[in-house]
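Working notes, structure below.
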Amino acid sequence: MTTIMKSKEETAMELIAAHYKLDSEMKDAKLFLTNQDRIIRILELTDGVPSCSRPSPFNFDAALSEGVPYPSSVILVNQKDWDKIINGKMKLPIRWNMKNARNVSKEEVASLMD
Amino acid sequence: MNTQSISNAFFQEAKENFCAAKILFGHLKEEKQTQMANDDSIIHLRGSSLFVLLQMAVEKLCKAAYARQKGDIKLPPFNHDLELLMRIAMRNPSIKAFFEKSNPETYAFLMKELSPLQPSNAGRNSENLEYPWITPKNKVKYPAADLKLIIKYLHDPYNRNFLKIMGGMERFVLLFNKIMRVS
């Protein structure tokens with residue numbers, strides 16, 4: 001029997017949708033996908049998290065039983081830090097290259113939130 | 001040192017805190033019933049430590065869940081901010097399903113009412129869970145007497161609000177028990 005594994009992008013979209021659904025204060029997300037490794041990296045704007053001097057990712061293992069076959073890494077920032085990152089005044093860690101970031105709005109993943 | 005032992009240490013301490021919270025809650029309920037039966041016009045409520053214990057339990061549960069991963073060692077964040085820690089826990093693929101099924105009232109309470117009162121969030125001059133504070137009018141206040149949460153949650157004669165919170169907490173701890181067994 002052949003098992004078709006979900007793509008990294010498909011999994012990322014599901015994860016982002018779940019985060020929007022669970023965190024009512026999440027306003028925006030940027031997805032960083034690279035061919036260099038298997039990690040799904042997501043930068044999320046959510047009010048209620050403290051400001052930081054340097055954004056640090058929280059890393060999670062893959063969870064096959066939950067339909068997440070890739071490890072993920074999430075950075076949570078508030079509006080103030082989000083603006084600094086967008087304006088290039090705050091740097092993200094290596095492999096979090098803003099040039100490769102893709103915006104994922106709540107509307108874009110709305111169909112996955114049901 | 002490995003992630004399992006770090007996680008287990010946080011989990012055992014969280015259970016200890018929650019167990020103490022449950023004992024204190026039972027004691028406070030009994031005390032209140034006695035006061036009401038005696039027609040005591042002033043009901044003395046000393047429940048601030050209950051909130052401290054809940055804050056400590058949830059903080060450690062979130063840290064235990066974060067450390068409980070199989071990859072590289074993931075030290076839990078050195079942070080007491082319950083709101084941040086809860087948001088991290090929600091994004092943990094291994095436990096997000098639990099949050100999806102749960103009553104949001106417990107999480108709203110933990111993130112929006114308890115978290116700002118944690119001493120490092122509240123600062124020295126505003127209401128907080130553990131230490132006396134001084135108001136802008138130079139009045140000294142302290143949690144045992146002046147915590148608004150006590151009025152809101154423990155002054156309710158039937159403890160309905162707080163029973164919901166304790167029920168949510170119980171499920172939260174049970175979930176972590178499951179995670180600890182399967183991972």
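Every chain in the structure tokens takes a letter, A first, then B, and so on in the order presented; its residues are numbered from 1, and the ligands are numbered from 1 following the presented order.
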
Got a sec: who's within 12 Å of Lys6 (chain A), counting only C-alpha atoms, leaving out chain neighbours fewer than 4 positions off, as a PyMOL selection string?
chain A and resi 10-14+64+67-70

Save out the residues we just selected, N, CA and C atoms, as a PDB file, in the first residue's frame.
ATOM      1  N   GLU A  10       0.814  22.207   2.205  1.00  0.00           N
ATOM      2  CA  GLU A  10      -0.545  21.831   2.638  1.00  0.00           C
ATOM      3  C   GLU A  10      -0.598  21.744   4.169  1.00  0.00           C
ATOM      4  N   THR A  11       0.418  21.104   4.747  1.00  0.00           N
ATOM      5  CA  THR A  11       0.472  20.975   6.208  1.00  0.00           C
ATOM      6  C   THR A  11       0.591  22.350   6.856  1.00  0.00           C
ATOM      7  N   ALA A  12       1.412  23.194   6.247  1.00  0.00           N
ATOM      8  CA  ALA A  12       1.604  24.545   6.800  1.00  0.00           C
ATOM      9  C   ALA A  12       0.286  25.316   6.828  1.00  0.00           C
ATOM     10  N   MET A  13      -0.468  25.197   5.755  1.00  0.00           N
ATOM     11  CA  MET A  13      -1.752  25.906   5.681  1.00  0.00           C
ATOM     12  C   MET A  13      -2.711  25.408   6.755  1.00  0.00           C
ATOM     13  N   GLU A  14      -2.707  24.106   6.978  1.00  0.00           N
ATOM     14  CA  GLU A  14      -3.576  23.542   8.024  1.00  0.00           C
ATOM     15  C   GLU A  14      -3.150  24.033   9.402  1.00  0.00           C
ATOM     16  N   LEU A  64       2.593  12.916  13.824  1.00  0.00           N
ATOM     17  CA  LEU A  64       1.909  12.117  12.791  1.00  0.00           C
ATOM     18  C   LEU A  64       0.470  11.791  13.177  1.00  0.00           C
ATOM     19  N   GLY A  67      -1.797  14.416  12.195  1.00  0.00           N
ATOM     20  CA  GLY A  67      -1.761  14.800  10.780  1.00  0.00           C
ATOM     21  C   GLY A  67      -0.733  15.879  10.463  1.00  0.00           C
ATOM     22  N   VAL A  68       0.305  15.950  11.290  1.00  0.00           N
ATOM     23  CA  VAL A  68       1.362  16.946  11.045  1.00  0.00           C
ATOM     24  C   VAL A  68       2.692  16.198  10.854  1.00  0.00           C
ATOM     25  N   PRO A  69       3.019  15.845   9.606  1.00  0.00           N
ATOM     26  CA  PRO A  69       4.203  15.012   9.377  1.00  0.00           C
ATOM     27  C   PRO A  69       5.531  15.774   9.308  1.00  0.00           C
ATOM     28  N   TYR A  70       5.494  17.074   9.564  1.00  0.00           N
ATOM     29  CA  TYR A  70       6.734  17.873   9.498  1.00  0.00           C
ATOM     30  C   TYR A  70       6.950  18.603  10.830  1.00  0.00           C
TER      31      TYR A  70
END

Please determine the contact residues of chain A with respect to chain B at a cut-off of 9 Å, counting only C-alpha atoms, and supply them as a JSON list (two decimals) with N, CA and C atoms, in the first residue's frame.
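Contents of result_0.json, freshly written:
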[["chain", "number", "residue", "atom", "x", "y", "z"],
["A", 15, "LEU", "N", -1.85, 24.09, 9.60],
["A", 15, "LEU", "CA", -1.35, 24.57, 10.90],
["A", 15, "LEU", "C", -1.75, 26.03, 11.12],
["A", 18, "ALA", "N", -5.35, 26.32, 11.94],
["A", 18, "ALA", "CA", -5.62, 25.91, 13.33],
["A", 18, "ALA", "C", -5.22, 27.01, 14.30],
["A", 19, "HIS", "N", -4.12, 27.68, 14.01],
["A", 19, "HIS", "CA", -3.66, 28.75, 14.91],
["A", 19, "HIS", "C", -4.63, 29.93, 14.89],
["A", 21, "LYS", "N", -7.74, 29.74, 14.29],
["A", 21, "LYS", "CA", -8.97, 29.29, 14.93],
["A", 21, "LYS", "C", -8.84, 29.30, 16.46],
["A", 22, "LEU", "N", -7.70, 28.84, 16.95],
["A", 22, "LEU", "CA", -7.52, 28.74, 18.40],
["A", 22, "LEU", "C", -7.19, 30.07, 19.06],
["A", 23, "ASP", "N", -6.46, 30.88, 18.36],
["A", 23, "ASP", "CA", -6.01, 32.15, 18.94],
["A", 23, "ASP", "C", -6.81, 33.29, 18.31],
["A", 48, "GLY", "N", -1.08, 40.38, 22.72],
["A", 48, "GLY", "CA", -1.07, 39.69, 24.01],
["A", 48, "GLY", "C", 0.26, 39.03, 24.33],
["A", 49, "VAL", "N", 1.16, 38.99, 23.36],
["A", 49, "VAL", "CA", 2.49, 38.46, 23.70],
["A", 49, "VAL", "C", 3.41, 39.65, 24.00],
["A", 50, "PRO", "N", 4.34, 39.46, 24.93],
["A", 50, "PRO", "CA", 5.20, 40.59, 25.29],
["A", 50, "PRO", "C", 6.17, 40.96, 24.16],
["A", 58, "PHE", "N", 9.74, 28.98, 18.73],
["A", 58, "PHE", "CA", 9.39, 27.83, 19.54],
["A", 58, "PHE", "C", 9.26, 26.66, 18.58],
["A", 59, "ASN", "N", 9.99, 25.60, 18.87],
["A", 59, "ASN", "CA", 10.10, 24.49, 17.91],
["A", 59, "ASN", "C", 9.28, 23.29, 18.34],
["A", 60, "PHE", "N", 8.58, 22.71, 17.39],
["A", 60, "PHE", "CA", 7.74, 21.55, 17.69],
["A", 60, "PHE", "C", 8.09, 20.39, 16.77],
["A", 61, "ASP", "N", 8.03, 19.20, 17.36],
["A", 61, "ASP", "CA", 8.25, 17.99, 16.54],
["A", 61, "ASP", "C", 7.05, 17.76, 15.62],
["A", 62, "ALA", "N", 7.27, 16.93, 14.63],
["A", 62, "ALA", "CA", 6.14, 16.45, 13.82],
["A", 62, "ALA", "C", 5.21, 15.65, 14.73],
["A", 63, "ALA", "N", 3.93, 15.65, 14.40],
["A", 63, "ALA", "CA", 2.97, 14.87, 15.19],
["A", 63, "ALA", "C", 2.10, 14.09, 14.20],
["A", 64, "LEU", "N", 2.59, 12.92, 13.82],
["A", 64, "LEU", "CA", 1.91, 12.12, 12.79],
["A", 64, "LEU", "C", 0.47, 11.79, 13.18],
["A", 65, "SER", "N", 0.26, 11.50, 14.45],
["A", 65, "SER", "CA", -1.10, 11.14, 14.88],
["A", 65, "SER", "C", -2.07, 12.31, 14.74],
["A", 66, "GLU", "N", -1.54, 13.51, 14.68],
["A", 66, "GLU", "CA", -2.39, 14.70, 14.51],
["A", 66, "GLU", "C", -2.37, 15.20, 13.07],
["A", 67, "GLY", "N", -1.80, 14.42, 12.19],
["A", 67, "GLY", "CA", -1.76, 14.80, 10.78],
["A", 67, "GLY", "C", -0.73, 15.88, 10.46],
["A", 68, "VAL", "N", 0.31, 15.95, 11.29],
["A", 68, "VAL", "CA", 1.36, 16.95, 11.04],
["A", 68, "VAL", "C", 2.69, 16.20, 10.85],
["A", 72, "SER", "N", 7.73, 21.84, 13.06],
["A", 72, "SER", "CA", 7.37, 23.24, 12.81],
["A", 72, "SER", "C", 8.07, 24.14, 13.81],
["A", 74, "VAL", "N", 7.63, 28.23, 15.32],
["A", 74, "VAL", "CA", 6.74, 29.38, 15.32],
["A", 74, "VAL", "C", 7.36, 30.54, 16.10],
["A", 76, "LEU", "N", 6.17, 34.15, 17.70],
["A", 76, "LEU", "CA", 4.99, 34.96, 18.02],
["A", 76, "LEU", "C", 5.44, 36.38, 18.35]]

Report as a PyMOL selection string: the residues of region 102-166 of chain B with a DSSP assignment of alpha helix (DSSP H), based on the backbone of this structure.
chain B and resi 104-108+119-122+143-146+148-149+160-166

Can I get the selection written as a compact mmCIF listing (two decimals), in the first residue's frame, with C-alpha atoms?
# COMPACT_ATOMS: atom_id res chain seq x y z
CA PRO B 104 -12.74 28.63 25.97
CA GLU B 105 -13.82 30.12 29.31
CA THR B 106 -11.00 28.42 31.19
CA TYR B 107 -8.41 29.73 28.75
CA ALA B 108 -9.88 33.20 28.74
CA PRO B 119 3.93 39.73 39.60
CA SER B 120 6.38 40.14 36.70
CA ASN B 121 3.52 41.31 34.45
CA ALA B 122 1.71 43.45 36.99
CA PRO B 143 -3.93 40.23 47.49
CA ALA B 144 -5.59 38.47 50.44
CA ALA B 145 -7.90 41.44 50.94
CA ASP B 146 -7.98 43.37 47.70
CA LYS B 148 -10.81 41.65 42.56
CA LEU B 149 -10.71 38.05 41.31
CA ARG B 160 -20.45 28.49 39.69
CA ASN B 161 -17.85 30.58 37.88
CA PHE B 162 -15.00 29.08 39.73
CA LEU B 163 -16.31 25.53 39.52
CA LYS B 164 -16.23 25.89 35.74
CA ILE B 165 -12.62 27.06 35.91
CA MET B 166 -11.61 24.22 38.24

Students should find that CA of Leu112 (chain A) and CA of Lys27 (chain A) are spaced 16.3 Å

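Interatomic distance, CA of Ile85 (chain A) to CA of Met98 (chain A): 8.6 Å.
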
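Proximity to Arg46 (chain B) was assessed for B:Leu154, B:Leu114, B:Asn177, B:Pro132 counting only C-alpha atoms; the smallest distance is recorded for B:Leu154.
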
Find the residue from A:Ile40, A:Leu45, A:Ala101, A:Met90 that sits nearest to Pro71 (chain A); use only C-alpha atoms when measuring.
A:Ile40

Neighbour list for Asn97 (chain A) as a PyMOL selection string, cut-off 12 Å, only C-alpha atoms, skip fewer than 6 positions in-chain
chain A and resi 30-34+41-43+85-86+88+91
